[in-house]
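A.B. asks: Structure incoming, see below.
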There are 2 protein chains.
Amino acid sequence: MTRNLPVKADRIAADIDALAAITEPDKPWTRRAFTPMFLKGRDYLIRRFKEAGLETRIDAAGNLVGVRKGKGYENGGAKGTIMLGSHSDTVPNGGRFDGIAGVVTALEVARAFDEAGIELEHDLEITDFLAEEVSIFGVSCIGSRGMLGLRPVEWLERQADGMTLAEGIRLVGGDPAVAGGRDDIRAFLELHIEQGPVLENRNIDIGVVTAIAGISRFEITVEGRADHAGTTPMGSRRDALTSASRLVLGVERIASELSLGPTHFAATVGEFSMEPNAANVVPSHVRMLIDARAEDPAVMETFGEAVGALCIQTAAKSGVTIPPPRRISNNPATPMAQAVVALLEESAAAIGASSRRMVSGAGHDAAFLAKVAPAAMVFIPCRDGRSHAPEEWAENDDIALGAAVLYETVLKLDQQ
Amino acid sequence: MTRNLPVKADRIAADIDALAAITEPDKPWTRRAFTPMFLKGRDYLIRRFKEAGLETRIDAAGNLVGVRKGKGYENGGAKGTIMLGSHSDTVPNGGRFDGIAGVVTALEVARAFDEAGIELEHDLEITDFLAEEVSIFGVSCIGSRGMLGLRPVEWLERQADGMTLAEGIRLVGGDPAVAGGRDDIRAFLELHIEQGPVLENRNIDIGVVTAIAGISRFEITVEGRADHAGTTPMGSRRDALTSASRLVLGVERIASELSLGPTHFAATVGEFSMEPNAANVVPSHVRMLIDARAEDPAVMETFGEAVGALCIQTAAKSGVTIPPPRRISNNPATPMAQAVVALLEESAAAIGASSRRMVSGAGHDAAFLAKVAPAAMVFIPCRDGRSHAPEEWAENDDIALGAAVLYETVLKLDQQ
């Protein structure tokens, strides 16, 4: 691809390669929040933020922020902030692009404005949010929640690796005692790899995210009876595993049907374990956890009801006991700001990039920013839809094209 | 039930109750081989053996044996041994009757001959085999194998609880350095609870075992792909769990069909685990272990072939990889001696007990004794077919009826 973009693809590539080199050596690409490797990555970013002329600091929530001051004033004060960002932490063994592509492109946009001699009306804030991935403390989006005053107080007492989360936040340079809250953010944009195969399969440059799917988790247990595997006739068994297998296939069938509807839906049995798990004993107990993602809350309800009915039918057929599914979490979908979505589409078209509206099945910091400001996301293709795995890959030209969409969109937002 | 039996039901009940009281207090009924509780049970049995006038000792293989000398001679020596026995060790949390019922009834038969003033031609040997259950050393039937010279030499080096099996055998009073081998056994009988529901459901007093089923274990792995559970469309997945669920149900279907044939067959997926087993990741890997029991080796082969075909079909449909099942063990079925089977049936009829021929789906010490002598087993009903569980239960009158069958059969064997 040879396009005349306002951003520099080679500079993006250099930053992404430099950060990829900052990994636990035996398990690329690993830079988990609160670890020495994470702090090494932050040191690199801080140096690059400062080289780009940004006013650079760690905020109280532990986020790295770099500000390019705007010239505009209104009501006797600054005009407010347009924020770009994502995260530099990774899951274990995965994250060569997941997160960091959004930080590096945001930084590149700031550099590109400098090179173009453009002064914005608004402050432009580049943010590396702390611990977007499920961290050692077992929770996610710690930085974006903290920045906005949405971090549960009790989280600070969570323990991992011999420290509390409060100590972890201090370790990265934050101050857990300071309550979050921002009223200056006028818009938020986040670039991220798609983490799915849609853009690649359809050969589309840019995904414009219209919503971040809601996530519900359902726990199901199956109670059968532990019998001797050699002596119990096939017809006399209450085998928890065979009933659980019917549930797994039922969940797949229900989810596949719902996924054909007009809105995004997916469901996965991601956790599955059984007891006694002994070769010569008929399985007596299975626990499984369903992860369900829905753009439309009504579809999530339909799914929950269908799974409940499936449990009743399966139990009735097989003599096992299956209590009603327990919904252990229920986070609703977050719509993106339609006005910002439209600007992203216009920007893509302006630089000759194809785009498509889509829903993010994964959670992102943008879901929290959307609570306080108009927010939207730019997805770029990734190979085979892989993420959270060593094979995760995105082409640098695709990333640069996404950065150019950010650049154009910030210009438009700045005029509003 | 009020029958005039040659054995004393109340004496059997007293011994079974006394041994039930010798259990790990927090998990009845547990008396695992090589533990202090096992040795306490042995102490009780040794006392009772001696009270019954038996020549009592621990043999080199660690079995407790008590001999009632016979009067008969042939070829200038003793006429040989009729052996009765089972085992006093248990699995964790199960074994109120499994094993011990066979030891206690054997002892009662010896006492009953004394009371009746009957001198046998043959020596009568009552045996409590060491470690019939899978012990802390991970292997089973240690005592019966050892007695007959069938214990693999390398087993002696197995480690558990800070000792080797050789040390464990010394702990119980045996001598692992002595090679086993017996040429004096003329017949072997073992009474055992059925561990299945057939006798209870059909209201039959006595099961006469015609064969101990063969056991094969098949390991199957399913290789899918770990993808993000939220972002990977339902149609783009290589979900190892859904494919594995199809295998589980396929195995159940194949096994159920084969179990309707003329010979005993059962198969169970007893072990099942998956990776990464994380809520938000599509499962990438499943390992399962099938335990299959067949009276007829040809049926076992049919099963193995059908499961192999199932794997090919399932992989073809779903995009996962399923290598051919790996047969990790293959122990053929052991037929019981038809002449002894016929004597057991005659004996049951003689005391007015109903009987039925059946196959043991479980392994027993009798399978090893059958290699050196005519052997057969007597099954008695147990409640709900339960065993290896705290709920395991057999009615004492049923046990006593089984003991009477042993008594009558020994008399017949002694005349041969």
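Ordering of the structure tokens sets the chain letters (A, B, ...), residue numbers begin anew at 1 in every chain, and ligands are numbered from 1 in the order given.
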Please give the complete set of residues from segment 177-320 of chain A that DSSP, run on the backbone, assigns to strand (DSSP E or B), formatted as a ChimeraX atom specification.
C.D. replies: /A:185-193,206-212,214-223,228,265-275,281,285-294
A.B. asks: Those same residues, written as a CSV table (one decimal), in the first residue's frame with N, CA and C atoms?
C.D. replies:
```csv
chain,number,residue,atom,x,y,z
A,185,ILE,N,-13.3,15.9,29.4
A,185,ILE,CA,-13.2,15.1,28.2
A,185,ILE,C,-14.3,15.4,27.2
A,186,ARG,N,-14.0,15.8,26.0
A,186,ARG,CA,-15.1,16.2,25.1
A,186,ARG,C,-15.3,15.1,24.1
A,187,ALA,N,-14.3,14.2,23.9
A,187,ALA,CA,-14.5,13.0,23.0
A,187,ALA,C,-13.3,12.1,23.3
A,188,PHE,N,-13.6,10.8,23.0
A,188,PHE,CA,-12.6,9.8,23.2
A,188,PHE,C,-12.6,8.8,22.0
A,189,LEU,N,-11.4,8.5,21.5
A,189,LEU,CA,-11.2,7.6,20.4
A,189,LEU,C,-10.2,6.5,20.8
A,190,GLU,N,-10.5,5.3,20.4
A,190,GLU,CA,-9.5,4.2,20.7
A,190,GLU,C,-9.4,3.3,19.5
A,191,LEU,N,-8.1,3.1,19.0
A,191,LEU,CA,-7.8,2.2,17.9
A,191,LEU,C,-7.4,0.9,18.6
A,192,HIS,N,-7.9,-0.2,17.9
A,192,HIS,CA,-7.6,-1.5,18.5
A,192,HIS,C,-7.6,-2.6,17.3
A,193,ILE,N,-6.9,-3.6,17.5
A,193,ILE,CA,-7.0,-4.7,16.5
A,193,ILE,C,-8.4,-5.3,16.7
A,206,ILE,N,-11.1,-0.7,7.7
A,206,ILE,CA,-11.5,-0.1,9.0
A,206,ILE,C,-12.8,-0.6,9.5
A,207,GLY,N,-12.8,-1.0,10.8
A,207,GLY,CA,-14.1,-1.3,11.4
A,207,GLY,C,-14.4,-0.1,12.3
A,208,VAL,N,-15.6,0.4,12.1
A,208,VAL,CA,-16.1,1.5,13.0
A,208,VAL,C,-17.1,0.9,14.0
A,209,VAL,N,-16.7,1.0,15.2
A,209,VAL,CA,-17.4,0.3,16.3
A,209,VAL,C,-18.6,1.1,16.7
A,210,THR,N,-19.8,0.4,16.6
A,210,THR,CA,-21.0,1.1,17.0
A,210,THR,C,-21.5,0.8,18.4
A,211,ALA,N,-20.9,-0.3,19.0
A,211,ALA,CA,-21.3,-0.7,20.4
A,211,ALA,C,-20.3,-1.7,20.9
A,212,ILE,N,-20.1,-1.7,22.2
A,212,ILE,CA,-19.3,-2.7,22.8
A,212,ILE,C,-20.3,-3.7,23.5
A,214,GLY,N,-22.6,-6.3,25.5
A,214,GLY,CA,-22.7,-6.7,26.9
A,214,GLY,C,-22.2,-8.1,27.2
A,215,ILE,N,-21.8,-8.3,28.4
A,215,ILE,CA,-21.2,-9.6,28.8
A,215,ILE,C,-22.0,-10.1,29.9
A,216,SER,N,-22.6,-11.3,29.8
A,216,SER,CA,-23.2,-12.0,30.9
A,216,SER,C,-22.5,-13.4,31.1
A,217,ARG,N,-22.3,-13.8,32.3
A,217,ARG,CA,-21.7,-15.1,32.6
A,217,ARG,C,-22.8,-16.0,33.3
A,218,PHE,N,-23.0,-17.2,32.8
A,218,PHE,CA,-23.9,-18.1,33.4
A,218,PHE,C,-23.2,-19.3,33.9
A,219,GLU,N,-23.4,-19.7,35.2
A,219,GLU,CA,-22.8,-20.9,35.7
A,219,GLU,C,-23.9,-22.0,35.8
A,220,ILE,N,-23.5,-23.2,35.3
A,220,ILE,CA,-24.4,-24.3,35.3
A,220,ILE,C,-23.7,-25.5,36.0
A,221,THR,N,-24.4,-26.2,36.8
A,221,THR,CA,-23.9,-27.4,37.4
A,221,THR,C,-24.8,-28.6,37.1
A,222,VAL,N,-24.2,-29.7,36.9
A,222,VAL,CA,-25.0,-30.9,36.7
A,222,VAL,C,-24.6,-31.9,37.8
A,223,GLU,N,-25.6,-32.5,38.4
A,223,GLU,CA,-25.4,-33.4,39.5
A,223,GLU,C,-25.9,-34.8,39.0
A,228,HIS,N,-19.8,-47.2,39.7
A,228,HIS,CA,-18.6,-48.0,39.1
A,228,HIS,C,-18.8,-48.1,37.6
A,265,PHE,N,-24.0,-11.5,18.5
A,265,PHE,CA,-24.2,-12.4,19.6
A,265,PHE,C,-23.2,-13.5,19.5
A,266,ALA,N,-22.6,-13.9,20.6
A,266,ALA,CA,-21.7,-15.1,20.7
A,266,ALA,C,-21.8,-15.6,22.1
A,267,ALA,N,-21.7,-16.9,22.2
A,267,ALA,CA,-21.7,-17.6,23.5
A,267,ALA,C,-20.7,-18.7,23.5
A,268,THR,N,-20.0,-18.9,24.6
A,268,THR,CA,-18.9,-19.9,24.7
A,268,THR,C,-19.0,-20.6,26.0
A,269,VAL,N,-18.8,-21.9,26.0
A,269,VAL,CA,-18.6,-22.6,27.3
A,269,VAL,C,-17.0,-22.6,27.5
A,270,GLY,N,-16.6,-21.7,28.3
A,270,GLY,CA,-15.1,-21.5,28.4
A,270,GLY,C,-14.5,-22.2,29.5
A,271,GLU,N,-15.3,-22.5,30.6
A,271,GLU,CA,-14.8,-23.2,31.7
A,271,GLU,C,-15.6,-24.5,31.8
A,272,PHE,N,-15.0,-25.6,32.1
A,272,PHE,CA,-15.7,-26.9,32.2
A,272,PHE,C,-14.8,-27.8,33.0
A,273,SER,N,-15.4,-28.3,34.1
A,273,SER,CA,-14.6,-29.3,34.9
A,273,SER,C,-15.6,-30.3,35.5
A,274,MET,N,-15.0,-31.5,35.8
A,274,MET,CA,-15.9,-32.5,36.3
A,274,MET,C,-15.3,-33.3,37.5
A,275,GLU,N,-16.1,-34.0,38.2
A,275,GLU,CA,-15.7,-34.8,39.4
A,275,GLU,C,-16.4,-36.1,39.2
A,281,VAL,N,-14.8,-44.4,37.2
A,281,VAL,CA,-16.0,-43.9,38.0
A,281,VAL,C,-16.9,-43.1,37.0
A,285,HIS,N,-20.4,-35.1,38.7
A,285,HIS,CA,-20.6,-33.6,38.9
A,285,HIS,C,-19.9,-32.9,37.8
A,286,VAL,N,-20.6,-31.9,37.1
A,286,VAL,CA,-19.9,-31.1,36.2
A,286,VAL,C,-20.3,-29.6,36.5
A,287,ARG,N,-19.3,-28.7,36.4
A,287,ARG,CA,-19.6,-27.3,36.5
A,287,ARG,C,-19.1,-26.7,35.2
A,288,MET,N,-19.9,-25.8,34.6
A,288,MET,CA,-19.5,-25.1,33.4
A,288,MET,C,-19.9,-23.6,33.5
A,289,LEU,N,-19.1,-22.8,32.8
A,289,LEU,CA,-19.4,-21.4,32.8
A,289,LEU,C,-19.5,-20.9,31.3
A,290,ILE,N,-20.7,-20.3,31.1
A,290,ILE,CA,-20.9,-19.7,29.8
A,290,ILE,C,-20.6,-18.3,29.7
A,291,ASP,N,-19.9,-17.9,28.7
A,291,ASP,CA,-19.6,-16.4,28.5
A,291,ASP,C,-20.5,-16.0,27.3
A,292,ALA,N,-21.4,-15.1,27.5
A,292,ALA,CA,-22.3,-14.7,26.4
A,292,ALA,C,-22.1,-13.2,26.2
A,293,ARG,N,-22.1,-12.8,24.9
A,293,ARG,CA,-21.9,-11.4,24.5
A,293,ARG,C,-23.0,-11.0,23.6
A,294,ALA,N,-23.7,-9.9,23.9
A,294,ALA,CA,-24.8,-9.5,23.1
A,294,ALA,C,-24.8,-8.0,23.0
```
A.B. asks: Residues near segment 146-154 of chain A, anyone? I mean within 10 Å using only C-alpha atoms, not counting same-chain ones fewer than 2 positions away, as number ranges by chain.
C.D. replies: A: 59-63, 129-130, 141-144, 156-158, 165-166, 176-183, 368-369, 371-372
A.B. asks: Write the residues of the preceding selection, restricted to N, CA, C and O atoms, as a short mmCIF file (atom, residue, chain, number, x, y, z; two decimals), in the first residue's frame.
C.D. replies:
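What ended up in result-v6.cif:
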```cif
data_model
loop_
_atom_site.label_atom_id
_atom_site.label_comp_id
_atom_site.auth_asym_id
_atom_site.auth_seq_id
_atom_site.Cartn_x
_atom_site.Cartn_y
_atom_site.Cartn_z
N ASP A 59 -1.13 9.71 36.07
CA ASP A 59 -2.22 10.31 36.85
C ASP A 59 -2.47 9.48 38.12
O ASP A 59 -1.84 8.44 38.34
N ALA A 60 -3.37 9.94 38.96
CA ALA A 60 -3.58 9.28 40.26
C ALA A 60 -4.05 7.84 40.09
O ALA A 60 -3.78 6.98 40.94
N ALA A 61 -4.73 7.54 38.98
CA ALA A 61 -5.25 6.19 38.75
C ALA A 61 -4.20 5.25 38.17
O ALA A 61 -4.46 4.08 37.93
N GLY A 62 -2.98 5.81 37.90
CA GLY A 62 -1.90 4.96 37.39
C GLY A 62 -1.81 4.95 35.88
O GLY A 62 -1.04 4.19 35.31
N ASN A 63 -2.57 5.82 35.21
CA ASN A 63 -2.49 5.91 33.75
C ASN A 63 -1.33 6.82 33.34
O ASN A 63 -1.06 7.82 34.02
N PHE A 129 -3.82 3.50 29.35
CA PHE A 129 -4.60 3.13 30.53
C PHE A 129 -3.94 1.97 31.28
O PHE A 129 -3.42 1.04 30.65
N LEU A 130 -3.99 2.04 32.59
CA LEU A 130 -3.39 0.99 33.42
C LEU A 130 -4.27 -0.27 33.41
O LEU A 130 -5.48 -0.19 33.60
N CYS A 141 -9.55 -3.21 33.34
CA CYS A 141 -9.85 -1.78 33.14
C CYS A 141 -9.69 -0.98 34.43
O CYS A 141 -10.52 -0.13 34.76
N ILE A 142 -8.60 -1.26 35.14
CA ILE A 142 -8.37 -0.59 36.42
C ILE A 142 -8.10 0.90 36.22
O ILE A 142 -8.61 1.74 36.96
N GLY A 143 -7.34 1.22 35.19
CA GLY A 143 -6.96 2.61 34.96
C GLY A 143 -8.10 3.48 34.47
O GLY A 143 -8.29 4.60 34.95
N SER A 144 -8.87 2.98 33.50
CA SER A 144 -9.96 3.82 32.97
C SER A 144 -11.05 3.98 34.02
O SER A 144 -11.63 5.07 34.18
N LEU A 156 -9.16 -1.97 46.02
CA LEU A 156 -7.82 -1.55 46.47
C LEU A 156 -7.21 -2.55 47.43
O LEU A 156 -5.99 -2.62 47.58
N GLU A 157 -8.04 -3.36 48.08
CA GLU A 157 -7.53 -4.34 49.05
C GLU A 157 -7.21 -5.68 48.40
O GLU A 157 -6.77 -6.61 49.07
N ARG A 158 -7.52 -5.83 47.12
CA ARG A 158 -7.21 -7.11 46.45
C ARG A 158 -5.72 -7.41 46.54
O ARG A 158 -4.90 -6.50 46.43
N LEU A 165 -3.74 -4.05 45.53
CA LEU A 165 -3.89 -3.22 44.33
C LEU A 165 -3.48 -1.78 44.65
O LEU A 165 -2.86 -1.11 43.81
N ALA A 166 -3.81 -1.32 45.86
CA ALA A 166 -3.39 0.05 46.25
C ALA A 166 -1.88 0.18 46.12
O ALA A 166 -1.36 1.17 45.56
N PRO A 176 -3.57 5.87 45.01
CA PRO A 176 -4.90 5.28 45.15
C PRO A 176 -5.82 6.06 46.08
O PRO A 176 -7.03 5.86 46.05
N ALA A 177 -5.26 6.98 46.87
CA ALA A 177 -6.09 7.73 47.82
C ALA A 177 -6.88 8.83 47.11
O ALA A 177 -7.86 9.33 47.64
N VAL A 178 -6.44 9.20 45.91
CA VAL A 178 -7.12 10.28 45.19
C VAL A 178 -8.31 9.71 44.42
O VAL A 178 -8.17 8.78 43.64
N ALA A 179 -9.48 10.28 44.67
CA ALA A 179 -10.68 9.83 43.96
C ALA A 179 -10.65 10.34 42.52
O ALA A 179 -10.22 11.47 42.27
N GLY A 180 -11.07 9.49 41.59
CA GLY A 180 -11.05 9.89 40.19
C GLY A 180 -12.23 10.77 39.83
O GLY A 180 -13.10 11.06 40.65
N GLY A 181 -12.26 11.22 38.57
CA GLY A 181 -13.35 12.06 38.07
C GLY A 181 -12.80 13.05 37.07
O GLY A 181 -11.82 13.73 37.37
N ARG A 182 -13.37 13.07 35.87
CA ARG A 182 -12.91 14.00 34.84
C ARG A 182 -14.14 14.64 34.22
O ARG A 182 -15.09 13.94 33.85
N ASP A 183 -14.13 16.00 34.08
CA ASP A 183 -15.26 16.65 33.41
C ASP A 183 -14.80 17.42 32.19
O ASP A 183 -15.56 18.17 31.60
N PHE A 368 -15.81 2.46 29.32
CA PHE A 368 -15.90 3.33 30.51
C PHE A 368 -15.87 4.79 30.11
O PHE A 368 -16.63 5.61 30.63
N LEU A 369 -15.01 5.13 29.13
CA LEU A 369 -14.97 6.52 28.67
C LEU A 369 -16.31 6.96 28.12
O LEU A 369 -16.71 8.12 28.26
N LYS A 371 -19.06 6.48 29.25
CA LYS A 371 -19.97 6.91 30.31
C LYS A 371 -19.87 8.41 30.59
O LYS A 371 -20.75 8.99 31.22
N VAL A 372 -18.74 9.04 30.19
CA VAL A 372 -18.56 10.46 30.53
C VAL A 372 -18.37 11.33 29.29
O VAL A 372 -18.33 12.56 29.41
#
```
A.B. asks: Quick check, in Å to one decimal: how far apart do atom CA of Gly94 of chain A and atom CA of Ala21 of chain A lie?
C.D. replies: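 One can read the atom CA of Gly94 of chain A to atom CA of Ala21 of chain A distance as 13.0 Å.
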A.B. asks: Could you please select, counting only C-alpha atoms, the residues of chain B within 6 Å of chain A and state them as an MDAnalysis selection string?
C.D. replies: chainID B and resid 195:196 230:232 234 245 256 270:271 277:279 281:282 293 361:362
A.B. asks: Filtering to C-alpha atoms, could you give me those residues as a PDB file, in the first residue's frame?
C.D. replies:
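This is the output file result39.pdb:
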```
ATOM      1  CA  GLN B 195     -21.401 -53.350  42.598  1.00  0.00           C
ATOM      2  CA  GLY B 196     -24.244 -53.110  40.113  1.00  0.00           C
ATOM      3  CA  GLY B 230     -16.310 -12.369  22.542  1.00  0.00           C
ATOM      4  CA  THR B 231     -14.993 -11.513  19.111  1.00  0.00           C
ATOM      5  CA  THR B 232     -14.823 -14.796  17.201  1.00  0.00           C
ATOM      6  CA  MET B 234     -19.828 -18.657  16.047  1.00  0.00           C
ATOM      7  CA  SER B 245     -18.997 -33.181  23.559  1.00  0.00           C
ATOM      8  CA  SER B 256     -25.305 -48.410  24.703  1.00  0.00           C
ATOM      9  CA  GLY B 270     -14.273 -41.098  33.225  1.00  0.00           C
ATOM     10  CA  GLU B 271     -11.571 -38.489  32.758  1.00  0.00           C
ATOM     11  CA  ASN B 277     -10.288 -23.419  30.694  1.00  0.00           C
ATOM     12  CA  ALA B 278     -10.642 -19.628  30.818  1.00  0.00           C
ATOM     13  CA  ALA B 279     -14.062 -17.997  30.725  1.00  0.00           C
ATOM     14  CA  VAL B 281     -11.357 -18.078  25.542  1.00  0.00           C
ATOM     15  CA  VAL B 282     -12.728 -20.638  23.075  1.00  0.00           C
ATOM     16  CA  ARG B 293     -15.262 -53.304  29.735  1.00  0.00           C
ATOM     17  CA  GLY B 361     -17.599 -55.604  35.028  1.00  0.00           C
ATOM     18  CA  ALA B 362     -15.083 -54.878  37.779  1.00  0.00           C
TER      19      ALA B 362
END
```
A.B. asks: Figure out the distance between atom CA of Pro390 of chain B and atom CA of Gly95 of chain B, please, to one decimal in Å.
C.D. replies: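 Calculated distance between atom CA of Gly95 of chain B and atom CA of Pro390 of chain B is 7.5 Å.
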A.B. asks: If DSSP is run on the backbone, what residues of segment 154-198 of chain A are alpha helix (DSSP H)? A reply as a PyMOL selection string would be ideal.
C.D. replies: chain A and resi 165-171+198
A.B. asks: What is the atom CA of Ala9 of chain A to atom CA of Asp397 of chain A distance in Å?
C.D. replies: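 Separating atom CA of Ala9 of chain A from atom CA of Asp397 of chain A is a distance of 6.5 Å.
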A.B. asks: Would you pick out the contacts of Tyr407 of chain A at 8 Å or less, using only C-alpha atoms, so that residues sharing its chain but fewer than 4 positions from it are not included, and give the list as a PyMOL selection string?
C.D. replies: chain A and resi 6-7+109+403+411
A.B. asks: Taking only C-alpha atoms into account, name the residue in A:Ala370, A:Met37, A:Ile22, A:Ile136 that is nearest to Pro335 of chain A.
C.D. replies: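 Closest to Pro335 of chain A of all the choices is A:Ala370.
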A.B. asks: Which of these residues is nearest to Leu171 of chain B, using only C-alpha atoms: B:Gln415, B:Thr35, B:Asn331, B:Thr409?
C.D. replies: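 Once distances to Leu171 of chain B are computed over only C-alpha atoms, the minimum belongs to B:Thr35.
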A.B. asks: Near segment 73-81 of chain A, counting only C-alpha atoms, which residues have an atom at most 7 Å away, once you skip same-chain residues fewer than 6 positions from it, shown as an mmCIF file with N, CA and C atoms, in the first residue's frame?
C.D. replies:
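This is the output file part32.cif:
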```
data_model
loop_
_atom_site.group_PDB
_atom_site.id
_atom_site.type_symbol
_atom_site.label_atom_id
_atom_site.label_comp_id
_atom_site.auth_asym_id
_atom_site.auth_seq_id
_atom_site.Cartn_x
_atom_site.Cartn_y
_atom_site.Cartn_z
ATOM 1 N N GLU A 121 -7.637 23.417 18.796
ATOM 2 C CA GLU A 121 -8.367 24.218 19.793
ATOM 3 C C GLU A 121 -8.348 23.509 21.155
ATOM 4 N N HIS A 122 -8.565 22.171 21.104
ATOM 5 C CA HIS A 122 -8.660 21.378 22.342
ATOM 6 C C HIS A 122 -7.282 20.852 22.756
ATOM 7 N N ASP A 123 -7.166 20.562 24.042
ATOM 8 C CA ASP A 123 -6.028 19.759 24.478
ATOM 9 C C ASP A 123 -6.168 18.369 23.845
ATOM 10 N N LEU A 124 -5.051 17.818 23.409
ATOM 11 C CA LEU A 124 -5.056 16.430 22.916
ATOM 12 C C LEU A 124 -4.328 15.586 23.959
ATOM 13 N N GLU A 125 -5.023 14.610 24.510
ATOM 14 C CA GLU A 125 -4.411 13.799 25.575
ATOM 15 C C GLU A 125 -4.216 12.373 25.082
ATOM 16 N N ASP A 184 -13.535 17.206 31.794
ATOM 17 C CA ASP A 184 -12.981 17.985 30.687
ATOM 18 C C ASP A 184 -12.948 17.217 29.368
ATOM 19 N N ILE A 185 -13.337 15.945 29.393
ATOM 20 C CA ILE A 185 -13.179 15.132 28.181
ATOM 21 C C ILE A 185 -14.342 15.404 27.228
ATOM 22 N N ARG A 186 -14.015 15.845 26.044
ATOM 23 C CA ARG A 186 -15.053 16.198 25.058
ATOM 24 C C ARG A 186 -15.306 15.064 24.073
#
```
A.B. asks: When distances are computed from only C-alpha atoms, which of A:Ala342, A:Ala101, A:Ile118, A:Ala110 shows the smallest separation from Cys382 of chain A?
C.D. replies: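 Closest to Cys382 of chain A, using only C-alpha atoms: A:Ala101.
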A.B. asks: Excluding Arg96 of chain A and residues on its chain fewer than 5 positions from it, collect all residues at most 10 Å away from it, counting only C-alpha atoms, and give them as a list in words.
C.D. replies: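 Listed by chain and then number, they are Ile16, Asp17, Leu19, Ala20, Ala21, Thr23, Pro28, Trp29, Thr30, Arg31, Ser88, Asp89, Thr90, Val91, Ala101, Ser387, His388, Ala389, Pro390, Glu391, Glu392, Trp393 and Ala394 of chain A.
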